[in-house]
Amino acid sequence: MPPRLPEHIRRGCGRLRGGRDTDVAGRAPDVVAAAWPAIGPAAARGLPAPRRVCDSRPVRHTAQDSDGLVRDGDAPVPGVVVVWAGDRPALRPFRLPPAGLALGRELLGDTDDDRISRLHARVRAGARGFTVTDLGSRNGTFVDGHPLMDGEVTAAAGAVIRCGRTLALLVDDVRGFEPGEVLDDGEVVAGPRLVAAWREAERAARTGDTLLVTGESGAGKELAARAFHRAAVAAGATGPLVAVNCAAIPANLAERLLFGARRGAYSGADRDADGYLATADGGTLFLDEIAELDLGVQAKLLRVLETGELLPLGASRATPVRFKVVAATLRPLRDEVAARRFRDDLYYRIGRPEVAVPPLRARREEIPWLVARAIAAAPGVTAHPTLVEACLLRPWPGNVRELLGEVRRAALAAREDGRSLLRGEDLPDGAGAAITPAAAIGGAGAASSDPLAATRDLEPEGRRAASPAPLPDLDAVKAALAAHAGNVSAAARALGIHRNQLRRLLTRHPELDAADDEA
């Protein structure tokens with residue numbers, strides 16, 4: 001039976017901007033019950049109470065297993081997920097009916113976006129992907145930053161649509177988003193896919209003593225370890241979560257730090273010292289980057305796990321210990337075993353079950369929330385939709401850590417320059433770009449100068465045609481024309497686009513009022 005949540009969580013489902021609270025059942029839905037153990041300590045740290053942010057409209061759900069995950073045998077349901085509305089993040093999933101769906105105020109209802117038309121653009125799903133058609137909107141429709149000059153384009157799943165100041169993602173299967181919520185405790189942002197990884201970790205804690213967490217740097221592997229430990233505590237564990245960064249332990253100190261030492265075990269050992277394993281007794285030991293451990297240390301660790309007995313340095317008698325183990329790694333441990341850099345017997349002991357934490361580019365619904373959090377570091381600066389769009393289009397190989405750092409620096413720089421609006425062009429070209437082998441030849445740590453090209457390098461072939469370089473929106477076009485007295489060629493050069501592209505845009509938007517003659 002899922003745990004009963006605190007009152008502020010049970011009644012924490014409300015509209016994105018004000019409005020009446022929508023009650024949640026007294027017994028928490030699985031998805032919230034799974035996420036709560038990982039974010040529960042916020043109150044103890046004095047942080048704001050966790051918020052379950054969701055839309056107030058009812059969402060049609062599909063058949064799910066008892067764990068809340070969509071069954072593998074179900075056919076995918078294509079859809080659109082609105083992730084930014086007006087000036088704030090959102091998460092509103094919509095299924096696509098056979099005739100398509102019209103994005104606009106009529107669909108979104110109460111929205112802050114004053115630039116979106118009542119019927120702005122239509123999205124249809126077909127055998128070749130998605131078709132996006134502009135419905136004669138006043139401010140135009142953009143797909144992956146590119147305006148629909150001809151009114152219609154075919155796009156692949158993952159494409160970003162901009163209608164006015166609203167951003168939406170095209171997805172092959174919308175059902176995973178249908179809880180319609182992003183969990184935010186003031187410190188951790190978690191969308192449906194990250195919460196699903198936490199739930200797998202919790203299940204592992206309830207059914208066994210080990211878990212292997214894989215994922216890229218900055219993807220949130222420690223969050224999965226925290227979820228595992230919270231579930232272990234709920235099941236009766238009494239010890240702490242002890243996190244150890246194996247990559248930061250000097251090889252000559254690893255055995256002493258992990259297993260402890262007795263007085264006189266080595267020069268300078270004037271008292272007994274417990275190691276990390278003894279400290280974790282009764283709780284959870286989190287070994288981050290376990291592949292960095294020396295093979296000799298791996299053998300001794302395996303002995304402790306197999307026997308439940310710990311023999312510190314200098315001790316003549318082992319002491320009993322019992323703890324759960326969460327191991328995390330950047331590199332596939334099976335490959336490390338094959339290369340004889342990791343012991344196969346230790347892998348068989350700790351390598352199952354395995355939870356893969358998806359990278360940020362696979363859970364892009366979180367990006368708008370992270371952008372809003374990063375900009376909060378610069379009071380008075382707000383995010384323009386093109387900034388969020390640019391972030392959604394980049395692969396962010398450094399994941400959450402990289403995105404927060406880059407957006408925060410850009411926001412602080414904008415405030416230093418006296419600007420209150422942070423736009424897409426304010427994000428450095430190399431921010432969020434993949435570090436490719438070709439770039440590395442030009443210099444250590446070099447990144448591609450085309451961040452969207454880097455995105456295409458990391459994404460499936462099907463998305464590559466839908467990711468041209470992003471173009472400025474109508475506000476930027478209007479400002480460029482005003483700065484160059486309506487001269488189309490000069491304005492196009494300033495905007496970084498071809499003058500014919502600008503002319504086609506002006507044909508669709510005569511209100512921009514450009515001069516006909518060129519200098």
# chains A, B, ... in the order shown; residues from 1 in each chain; ligands from 1
$ residues_around --residues "A:Asp272" --least-positions-apart "3" --cutoff "6 Å" --atoms "only C-alpha atoms" --output "PyMOL selection string"
chain A and resi 261-263
$ write_last_selection --atoms "N, CA and C atoms" --output "short mmCIF file (atom, residue, chain, number, x, y, z; two decimals), in the first residue's frame"
data_model
loop_
_atom_site.label_atom_id
_atom_site.label_comp_id
_atom_site.auth_asym_id
_atom_site.auth_seq_id
_atom_site.Cartn_x
_atom_site.Cartn_y
_atom_site.Cartn_z
N ALA A 261 40.59 1.23 10.06
CA ALA A 261 41.89 0.78 10.58
C ALA A 261 41.86 0.80 12.10
N ARG A 262 42.66 -0.08 12.67
CA ARG A 262 42.80 -0.12 14.11
C ARG A 262 44.08 0.60 14.55
N ARG A 263 44.09 0.99 15.77
CA ARG A 263 45.25 1.70 16.32
C ARG A 263 46.53 0.87 16.12
#
$ closest_atom_pairs --of "stretch 337-392 of chain A" --to "stretch 309-330 of chain A" --cutoff "10 Å" --atoms "only C-alpha atoms" --output "JSON lines"
{"residue": "A:Ile350", "atom": "CA", "partner": "A:Ala327", "partner_atom": "CA", "distance": 7.3}
{"residue": "A:Gly351", "atom": "CA", "partner": "A:Ala327", "partner_atom": "CA", "distance": 8.1}
{"residue": "A:Glu354", "atom": "CA", "partner": "A:Ala327", "partner_atom": "CA", "distance": 9.5}
{"residue": "A:Val355", "atom": "CA", "partner": "A:Ala328", "partner_atom": "CA", "distance": 9.5}
{"residue": "A:Ala356", "atom": "CA", "partner": "A:Ala328", "partner_atom": "CA", "distance": 9.8}
$ write_last_selection --atoms "N, CA, C and O atoms" --output "compact mmCIF listing (two decimals), in the first residue's frame"
# COMPACT_ATOMS: atom_id res chain seq x y z
N ILE A 350 26.97 -7.22 -7.73
CA ILE A 350 26.32 -5.91 -7.59
C ILE A 350 25.70 -5.39 -8.89
O ILE A 350 25.07 -4.33 -8.88
N GLY A 351 25.86 -6.10 -10.00
CA GLY A 351 25.46 -5.56 -11.30
C GLY A 351 23.99 -5.68 -11.63
O GLY A 351 23.56 -5.21 -12.69
N GLU A 354 19.70 -3.26 -12.62
CA GLU A 354 20.32 -2.04 -13.15
C GLU A 354 19.25 -1.02 -13.51
O GLU A 354 18.24 -1.36 -14.12
N VAL A 355 19.48 0.21 -13.11
CA VAL A 355 18.60 1.32 -13.46
C VAL A 355 19.41 2.33 -14.26
O VAL A 355 20.46 2.79 -13.80
N ALA A 356 18.93 2.64 -15.43
CA ALA A 356 19.59 3.64 -16.28
C ALA A 356 18.89 4.98 -16.11
O ALA A 356 17.70 5.10 -16.41
$ closest_residue --among "A:Asp281, A:Asp473, A:Glu416, A:Asp114" --to "A:Val304" --atoms "only C-alpha atoms"
A:Asp281
$ atom_distance --atom1 "atom CA of A:Leu360" --atom2 "atom CA of A:Arg199"
17.8 Å
$ residues_around --residues "A:Arg193" --least-positions-apart "3" --cutoff "8 Å" --atoms "only C-alpha atoms" --output "mmCIF file with C-alpha atoms, in the first residue's frame"
data_model
loop_
_atom_site.group_PDB
_atom_site.id
_atom_site.type_symbol
_atom_site.label_atom_id
_atom_site.label_comp_id
_atom_site.auth_asym_id
_atom_site.auth_seq_id
_atom_site.Cartn_x
_atom_site.Cartn_y
_atom_site.Cartn_z
ATOM 1 C CA GLY A 176 4.368 8.709 -20.250
ATOM 2 C CA ALA A 190 11.865 15.730 -11.742
ATOM 3 C CA ALA A 196 10.115 6.434 -13.358
ATOM 4 C CA ALA A 197 13.837 5.783 -12.744
ATOM 5 C CA PRO A 358 18.133 9.009 -18.777
ATOM 6 C CA ARG A 363 13.720 14.172 -20.540
#
$ closest_residue --among "A:Gly398, A:Ile435, A:Ser420, A:Gly405" --to "A:Gly218" --atoms "only C-alpha atoms"
A:Gly398
$ select_by_dssp --residues "stretch 102-294 of chain A" --states "strand (DSSP E or B)" --output "short mmCIF file (atom, residue, chain, number, x, y, z; two decimals) with all heavy atoms, in the first residue's frame"
data_model
loop_
_atom_site.label_atom_id
_atom_site.label_comp_id
_atom_site.auth_asym_id
_atom_site.auth_seq_id
_atom_site.Cartn_x
_atom_site.Cartn_y
_atom_site.Cartn_z
N ALA A 102 -5.40 21.28 -33.20
CA ALA A 102 -5.08 22.69 -33.44
C ALA A 102 -4.55 23.31 -32.16
O ALA A 102 -5.26 23.39 -31.15
CB ALA A 102 -6.32 23.44 -33.92
N LEU A 103 -3.30 23.73 -32.19
CA LEU A 103 -2.71 24.44 -31.06
C LEU A 103 -3.19 25.88 -31.08
O LEU A 103 -3.21 26.53 -32.12
CB LEU A 103 -1.19 24.39 -31.12
CG LEU A 103 -0.53 23.02 -30.99
CD1 LEU A 103 0.98 23.15 -31.16
CD2 LEU A 103 -0.86 22.40 -29.65
N ALA A 121 -1.81 26.68 -35.06
CA ALA A 121 -1.16 25.70 -35.93
C ALA A 121 -1.79 24.33 -35.70
O ALA A 121 -2.23 24.02 -34.60
CB ALA A 121 0.33 25.63 -35.65
N ARG A 122 -1.84 23.54 -36.76
CA ARG A 122 -2.40 22.20 -36.65
C ARG A 122 -1.27 21.18 -36.74
O ARG A 122 -0.37 21.29 -37.58
CB ARG A 122 -3.42 21.93 -37.77
CG ARG A 122 -4.05 20.53 -37.69
CD ARG A 122 -5.18 20.39 -38.69
NE ARG A 122 -6.26 21.32 -38.40
CZ ARG A 122 -7.19 21.14 -37.48
NH1 ARG A 122 -7.19 20.02 -36.75
NH2 ARG A 122 -8.14 22.02 -37.30
N VAL A 123 -1.33 20.16 -35.87
CA VAL A 123 -0.35 19.09 -35.86
C VAL A 123 -1.06 17.78 -36.14
O VAL A 123 -2.06 17.45 -35.49
CB VAL A 123 0.38 19.00 -34.50
CG1 VAL A 123 1.41 17.88 -34.52
CG2 VAL A 123 1.05 20.33 -34.17
N ARG A 124 -0.55 17.02 -37.12
CA ARG A 124 -1.10 15.72 -37.45
C ARG A 124 0.02 14.69 -37.44
O ARG A 124 1.16 15.00 -37.79
CB ARG A 124 -1.77 15.72 -38.83
CG ARG A 124 -2.96 16.65 -38.95
CD ARG A 124 -3.70 16.44 -40.28
NE ARG A 124 -2.83 16.61 -41.43
CZ ARG A 124 -2.54 17.77 -42.01
NH1 ARG A 124 -3.08 18.89 -41.51
NH2 ARG A 124 -1.75 17.85 -43.04
N ALA A 125 -0.31 13.48 -37.04
CA ALA A 125 0.66 12.37 -37.04
C ALA A 125 0.35 11.46 -38.22
O ALA A 125 -0.81 11.16 -38.50
CB ALA A 125 0.60 11.60 -35.74
N GLY A 126 1.42 11.04 -38.92
CA GLY A 126 1.25 10.16 -40.06
C GLY A 126 2.38 9.15 -40.13
O GLY A 126 3.25 9.09 -39.26
N GLY A 129 5.86 10.73 -40.10
CA GLY A 129 6.19 11.63 -39.00
C GLY A 129 5.03 12.56 -38.70
O GLY A 129 3.86 12.20 -38.86
N PHE A 130 5.35 13.77 -38.30
CA PHE A 130 4.34 14.77 -37.95
C PHE A 130 4.28 15.85 -39.02
O PHE A 130 5.32 16.25 -39.57
CB PHE A 130 4.67 15.43 -36.60
CG PHE A 130 4.64 14.48 -35.44
CD1 PHE A 130 5.75 13.73 -35.12
CD2 PHE A 130 3.50 14.35 -34.66
CE1 PHE A 130 5.74 12.86 -34.04
CE2 PHE A 130 3.48 13.49 -33.58
CZ PHE A 130 4.59 12.74 -33.27
N THR A 131 3.08 16.31 -39.31
CA THR A 131 2.90 17.44 -40.21
C THR A 131 2.42 18.64 -39.39
O THR A 131 1.43 18.54 -38.67
CB THR A 131 1.87 17.14 -41.31
OG1 THR A 131 2.30 16.00 -42.05
CG2 THR A 131 1.70 18.32 -42.25
N VAL A 132 3.15 19.74 -39.50
CA VAL A 132 2.81 20.97 -38.77
C VAL A 132 2.38 22.00 -39.80
O VAL A 132 3.13 22.32 -40.74
CB VAL A 132 4.00 21.48 -37.96
CG1 VAL A 132 3.59 22.71 -37.14
CG2 VAL A 132 4.54 20.39 -37.04
N THR A 133 1.17 22.54 -39.63
CA THR A 133 0.61 23.51 -40.57
C THR A 133 0.23 24.78 -39.84
O THR A 133 -0.48 24.73 -38.83
CB THR A 133 -0.64 22.92 -41.26
OG1 THR A 133 -0.32 21.66 -41.84
CG2 THR A 133 -1.16 23.88 -42.33
N ASP A 134 0.72 25.91 -40.34
CA ASP A 134 0.31 27.20 -39.76
C ASP A 134 -1.10 27.52 -40.25
O ASP A 134 -1.40 27.39 -41.45
CB ASP A 134 1.28 28.30 -40.18
CG ASP A 134 0.96 29.62 -39.51
OD1 ASP A 134 1.37 29.81 -38.36
OD2 ASP A 134 0.28 30.45 -40.15
N THR A 141 4.44 30.43 -37.03
CA THR A 141 4.75 29.18 -36.36
C THR A 141 6.19 28.80 -36.68
O THR A 141 6.63 28.93 -37.82
CB THR A 141 3.79 28.06 -36.81
OG1 THR A 141 2.45 28.44 -36.52
CG2 THR A 141 4.12 26.75 -36.12
N PHE A 142 6.91 28.33 -35.68
CA PHE A 142 8.31 27.95 -35.85
C PHE A 142 8.47 26.48 -35.46
O PHE A 142 7.88 26.03 -34.48
CB PHE A 142 9.22 28.80 -34.96
CG PHE A 142 9.24 30.27 -35.33
CD1 PHE A 142 8.15 31.09 -35.05
CD2 PHE A 142 10.35 30.83 -35.94
CE1 PHE A 142 8.16 32.43 -35.39
CE2 PHE A 142 10.38 32.17 -36.27
CZ PHE A 142 9.28 32.97 -35.99
N VAL A 143 9.25 25.75 -36.24
CA VAL A 143 9.60 24.37 -35.92
C VAL A 143 11.12 24.28 -35.79
O VAL A 143 11.84 24.58 -36.73
CB VAL A 143 9.10 23.39 -37.00
CG1 VAL A 143 9.56 21.97 -36.68
CG2 VAL A 143 7.58 23.44 -37.10
N HIS A 146 12.82 27.37 -36.88
CA HIS A 146 12.71 27.76 -38.29
C HIS A 146 11.27 28.14 -38.62
O HIS A 146 10.35 27.35 -38.39
CB HIS A 146 13.15 26.59 -39.17
CG HIS A 146 13.25 26.94 -40.61
ND1 HIS A 146 14.23 27.73 -41.12
CD2 HIS A 146 12.46 26.58 -41.67
CE1 HIS A 146 14.08 27.84 -42.42
NE2 HIS A 146 13.01 27.16 -42.78
N PRO A 147 11.02 29.33 -39.14
CA PRO A 147 9.64 29.74 -39.45
C PRO A 147 9.08 28.94 -40.62
O PRO A 147 9.81 28.58 -41.54
CB PRO A 147 9.78 31.23 -39.79
CG PRO A 147 11.18 31.38 -40.25
CD PRO A 147 11.99 30.40 -39.46
N GLU A 152 3.64 24.87 -44.07
CA GLU A 152 3.54 23.48 -43.64
C GLU A 152 4.91 22.82 -43.72
O GLU A 152 5.71 23.13 -44.62
CB GLU A 152 2.54 22.73 -44.50
CG GLU A 152 2.30 21.28 -44.08
CD GLU A 152 1.18 20.64 -44.86
OE1 GLU A 152 0.02 21.04 -44.67
OE2 GLU A 152 1.48 19.72 -45.66
N VAL A 153 5.17 21.89 -42.79
CA VAL A 153 6.45 21.19 -42.79
C VAL A 153 6.23 19.82 -42.14
O VAL A 153 5.33 19.65 -41.33
CB VAL A 153 7.53 21.97 -42.02
CG1 VAL A 153 7.25 21.97 -40.53
CG2 VAL A 153 8.92 21.43 -42.30
N THR A 154 7.04 18.86 -42.56
CA THR A 154 7.04 17.54 -41.93
C THR A 154 8.19 17.49 -40.92
O THR A 154 9.32 17.85 -41.24
CB THR A 154 7.21 16.42 -42.97
OG1 THR A 154 6.11 16.47 -43.89
CG2 THR A 154 7.24 15.06 -42.30
N ALA A 155 7.89 17.06 -39.73
CA ALA A 155 8.89 17.04 -38.66
C ALA A 155 8.88 15.67 -37.99
O ALA A 155 7.88 14.94 -38.03
CB ALA A 155 8.60 18.13 -37.63
N VAL A 160 10.66 20.81 -31.82
CA VAL A 160 10.13 21.84 -30.92
C VAL A 160 9.28 22.81 -31.74
O VAL A 160 9.75 23.37 -32.73
CB VAL A 160 11.27 22.60 -30.23
CG1 VAL A 160 10.70 23.68 -29.29
CG2 VAL A 160 12.17 21.65 -29.46
N ILE A 161 8.04 23.02 -31.34
CA ILE A 161 7.13 23.95 -32.02
C ILE A 161 6.99 25.19 -31.16
O ILE A 161 6.81 25.11 -29.95
CB ILE A 161 5.74 23.31 -32.22
CG1 ILE A 161 5.85 22.03 -33.05
CG2 ILE A 161 4.80 24.29 -32.90
CD1 ILE A 161 4.52 21.31 -33.19
N ARG A 162 7.09 26.35 -31.81
CA ARG A 162 6.85 27.62 -31.12
C ARG A 162 5.68 28.33 -31.77
O ARG A 162 5.72 28.66 -32.96
CB ARG A 162 8.10 28.50 -31.14
CG ARG A 162 7.85 29.91 -30.60
CD ARG A 162 9.13 30.56 -30.08
NE ARG A 162 10.22 30.54 -31.02
CZ ARG A 162 10.53 31.52 -31.88
NH1 ARG A 162 9.77 32.60 -31.92
NH2 ARG A 162 11.57 31.41 -32.68
N CYS A 163 4.64 28.57 -31.00
CA CYS A 163 3.46 29.31 -31.43
C CYS A 163 3.31 30.50 -30.49
O CYS A 163 2.98 30.32 -29.31
CB CYS A 163 2.21 28.45 -31.38
SG CYS A 163 2.24 26.98 -32.43
N THR A 166 4.41 30.20 -26.78
CA THR A 166 4.16 28.84 -26.29
C THR A 166 5.08 27.86 -27.00
O THR A 166 5.25 27.95 -28.22
CB THR A 166 2.70 28.45 -26.51
OG1 THR A 166 1.85 29.31 -25.72
CG2 THR A 166 2.44 27.02 -26.12
N LEU A 167 5.67 26.95 -26.25
CA LEU A 167 6.57 25.94 -26.80
C LEU A 167 5.99 24.56 -26.53
O LEU A 167 5.46 24.30 -25.44
CB LEU A 167 7.96 26.04 -26.18
CG LEU A 167 8.73 27.33 -26.42
CD1 LEU A 167 9.98 27.38 -25.56
CD2 LEU A 167 9.10 27.47 -27.89
N ALA A 168 6.11 23.68 -27.53
CA ALA A 168 5.59 22.32 -27.39
C ALA A 168 6.55 21.34 -28.05
O ALA A 168 7.26 21.68 -29.00
CB ALA A 168 4.20 22.20 -28.00
N LEU A 169 6.57 20.12 -27.53
CA LEU A 169 7.39 19.04 -28.08
C LEU A 169 6.49 18.04 -28.79
O LEU A 169 5.40 17.70 -28.29
CB LEU A 169 8.15 18.31 -26.97
CG LEU A 169 9.13 19.14 -26.13
CD1 LEU A 169 9.66 18.28 -24.99
CD2 LEU A 169 10.27 19.66 -26.98
N LEU A 170 6.94 17.52 -29.94
CA LEU A 170 6.27 16.43 -30.61
C LEU A 170 6.83 15.12 -30.07
O LEU A 170 8.05 14.94 -30.03
CB LEU A 170 6.49 16.50 -32.12
CG LEU A 170 6.01 17.78 -32.82
CD1 LEU A 170 6.29 17.70 -34.32
CD2 LEU A 170 4.53 18.00 -32.58
N VAL A 171 5.96 14.21 -29.64
CA VAL A 171 6.43 12.97 -29.03
C VAL A 171 5.74 11.78 -29.68
O VAL A 171 4.57 11.84 -30.06
CB VAL A 171 6.18 12.95 -27.50
CG1 VAL A 171 6.99 14.05 -26.82
CG2 VAL A 171 4.70 13.11 -27.17
N GLU A 181 2.64 16.29 -14.72
CA GLU A 181 3.21 16.96 -13.57
C GLU A 181 4.74 16.96 -13.63
O GLU A 181 5.37 16.08 -14.21
CB GLU A 181 2.76 16.25 -12.28
CG GLU A 181 3.22 14.81 -12.22
CD GLU A 181 2.56 14.04 -11.09
OE1 GLU A 181 1.58 14.56 -10.51
OE2 GLU A 181 3.01 12.94 -10.81
N VAL A 182 5.30 17.97 -13.01
CA VAL A 182 6.72 18.04 -12.73
C VAL A 182 6.87 18.26 -11.23
O VAL A 182 6.26 19.17 -10.67
CB VAL A 182 7.41 19.19 -13.50
CG1 VAL A 182 8.83 19.40 -13.02
CG2 VAL A 182 7.41 18.90 -15.00
N LEU A 183 7.63 17.42 -10.58
CA LEU A 183 7.84 17.53 -9.14
C LEU A 183 9.00 18.47 -8.88
O LEU A 183 10.07 18.33 -9.47
CB LEU A 183 8.12 16.15 -8.54
CG LEU A 183 6.96 15.16 -8.68
CD1 LEU A 183 7.41 13.76 -8.29
CD2 LEU A 183 5.78 15.58 -7.83
N ASP A 184 8.80 19.43 -8.01
CA ASP A 184 9.81 20.45 -7.73
C ASP A 184 9.78 20.75 -6.23
O ASP A 184 8.79 21.24 -5.71
CB ASP A 184 9.50 21.71 -8.53
CG ASP A 184 10.58 22.78 -8.40
OD1 ASP A 184 11.50 22.59 -7.58
OD2 ASP A 184 10.49 23.80 -9.10
N VAL A 189 14.34 19.09 -9.65
CA VAL A 189 13.27 19.08 -10.64
C VAL A 189 13.20 17.68 -11.22
O VAL A 189 14.23 17.12 -11.63
CB VAL A 189 13.55 20.11 -11.76
CG1 VAL A 189 12.56 19.93 -12.91
CG2 VAL A 189 13.45 21.53 -11.21
N ALA A 190 12.01 17.10 -11.25
CA ALA A 190 11.86 15.73 -11.74
C ALA A 190 10.62 15.61 -12.60
O ALA A 190 9.50 15.80 -12.13
CB ALA A 190 11.80 14.74 -10.57
N THR A 210 21.05 -4.77 -3.53
CA THR A 210 21.99 -4.10 -4.42
C THR A 210 21.25 -3.40 -5.56
O THR A 210 20.11 -3.77 -5.90
CB THR A 210 23.00 -5.09 -5.02
OG1 THR A 210 22.30 -6.05 -5.83
CG2 THR A 210 23.78 -5.80 -3.94
N LEU A 211 21.94 -2.42 -6.14
CA LEU A 211 21.42 -1.71 -7.30
C LEU A 211 22.61 -1.12 -8.05
O LEU A 211 23.52 -0.55 -7.44
CB LEU A 211 20.47 -0.58 -6.89
CG LEU A 211 19.97 0.33 -8.02
CD1 LEU A 211 19.06 -0.42 -8.98
CD2 LEU A 211 19.26 1.56 -7.45
N LEU A 212 22.60 -1.26 -9.37
CA LEU A 212 23.59 -0.60 -10.22
C LEU A 212 22.90 0.53 -10.98
O LEU A 212 21.89 0.29 -11.66
CB LEU A 212 24.20 -1.60 -11.21
CG LEU A 212 25.19 -1.01 -12.22
CD1 LEU A 212 26.41 -0.43 -11.52
CD2 LEU A 212 25.62 -2.06 -13.26
N VAL A 213 23.41 1.73 -10.83
CA VAL A 213 22.84 2.91 -11.50
C VAL A 213 23.81 3.36 -12.57
O VAL A 213 24.99 3.62 -12.28
CB VAL A 213 22.57 4.05 -10.50
CG1 VAL A 213 21.95 5.24 -11.22
CG2 VAL A 213 21.68 3.58 -9.37
N THR A 214 23.35 3.47 -13.79
CA THR A 214 24.19 3.94 -14.89
C THR A 214 23.62 5.25 -15.44
O THR A 214 22.42 5.51 -15.32
CB THR A 214 24.26 2.90 -16.01
OG1 THR A 214 22.94 2.63 -16.50
CG2 THR A 214 24.88 1.61 -15.51
N LEU A 241 22.60 6.89 4.74
CA LEU A 241 23.11 6.79 3.37
C LEU A 241 24.51 7.37 3.38
O LEU A 241 24.71 8.55 3.69
CB LEU A 241 22.22 7.57 2.41
CG LEU A 241 22.75 7.74 0.98
CD1 LEU A 241 22.85 6.39 0.27
CD2 LEU A 241 21.87 8.70 0.19
N VAL A 242 25.51 6.57 3.04
CA VAL A 242 26.90 7.00 3.01
C VAL A 242 27.35 7.04 1.55
O VAL A 242 27.43 5.99 0.89
CB VAL A 242 27.80 6.06 3.83
CG1 VAL A 242 29.26 6.49 3.73
CG2 VAL A 242 27.35 6.03 5.28
N ALA A 243 27.62 8.23 1.03
CA ALA A 243 28.03 8.40 -0.36
C ALA A 243 29.55 8.50 -0.45
O ALA A 243 30.17 9.28 0.26
CB ALA A 243 27.38 9.65 -0.95
N VAL A 244 30.12 7.71 -1.35
CA VAL A 244 31.57 7.66 -1.53
C VAL A 244 31.88 7.89 -3.01
O VAL A 244 31.39 7.16 -3.86
CB VAL A 244 32.14 6.30 -1.09
CG1 VAL A 244 33.66 6.29 -1.27
CG2 VAL A 244 31.75 5.99 0.34
N ASN A 245 32.69 8.90 -3.29
CA ASN A 245 33.15 9.14 -4.65
C ASN A 245 34.44 8.36 -4.86
O ASN A 245 35.52 8.79 -4.47
CB ASN A 245 33.37 10.63 -4.89
CG ASN A 245 33.77 10.93 -6.32
OD1 ASN A 245 33.97 10.03 -7.13
ND2 ASN A 245 33.90 12.21 -6.65
N ALA A 261 40.59 1.23 10.06
CA ALA A 261 41.89 0.78 10.58
C ALA A 261 41.86 0.80 12.10
O ALA A 261 41.15 1.59 12.72
CB ALA A 261 43.01 1.67 10.05
N ALA A 273 39.83 3.87 13.73
CA ALA A 273 39.08 4.71 12.80
C ALA A 273 38.15 3.84 11.96
O ALA A 273 38.62 2.89 11.30
CB ALA A 273 40.03 5.50 11.89
N THR A 284 22.68 2.33 3.76
CA THR A 284 22.99 2.16 2.34
C THR A 284 24.36 2.75 2.05
O THR A 284 24.64 3.90 2.44
CB THR A 284 21.94 2.85 1.46
OG1 THR A 284 20.64 2.35 1.78
CG2 THR A 284 22.21 2.61 -0.02
N LEU A 285 25.18 2.01 1.34
CA LEU A 285 26.48 2.49 0.87
C LEU A 285 26.36 2.82 -0.60
O LEU A 285 26.04 1.95 -1.42
CB LEU A 285 27.55 1.42 1.09
CG LEU A 285 28.97 1.77 0.63
CD1 LEU A 285 29.56 2.90 1.47
CD2 LEU A 285 29.87 0.54 0.66
N PHE A 286 26.60 4.08 -0.95
CA PHE A 286 26.53 4.53 -2.35
C PHE A 286 27.95 4.70 -2.86
O PHE A 286 28.67 5.61 -2.43
CB PHE A 286 25.75 5.83 -2.45
CG PHE A 286 25.75 6.43 -3.84
CD1 PHE A 286 25.51 5.66 -4.96
CD2 PHE A 286 25.99 7.79 -4.01
CE1 PHE A 286 25.51 6.21 -6.23
CE2 PHE A 286 25.98 8.36 -5.27
CZ PHE A 286 25.75 7.56 -6.39
N LEU A 287 28.35 3.83 -3.78
CA LEU A 287 29.70 3.87 -4.37
C LEU A 287 29.61 4.48 -5.75
O LEU A 287 29.33 3.81 -6.75
CB LEU A 287 30.28 2.45 -4.43
CG LEU A 287 30.50 1.76 -3.08
CD1 LEU A 287 30.91 0.32 -3.28
CD2 LEU A 287 31.54 2.51 -2.25
N ASP A 288 29.84 5.79 -5.82
CA ASP A 288 29.79 6.50 -7.09
C ASP A 288 31.10 6.26 -7.85
O ASP A 288 32.18 6.28 -7.28
CB ASP A 288 29.60 8.00 -6.83
CG ASP A 288 29.16 8.74 -8.09
OD1 ASP A 288 28.82 8.07 -9.09
OD2 ASP A 288 29.16 9.98 -8.05
#
$ atom_distance --atom1 "atom CA of A:Glu365" --atom2 "atom CA of A:Phe94"
13.8 Å
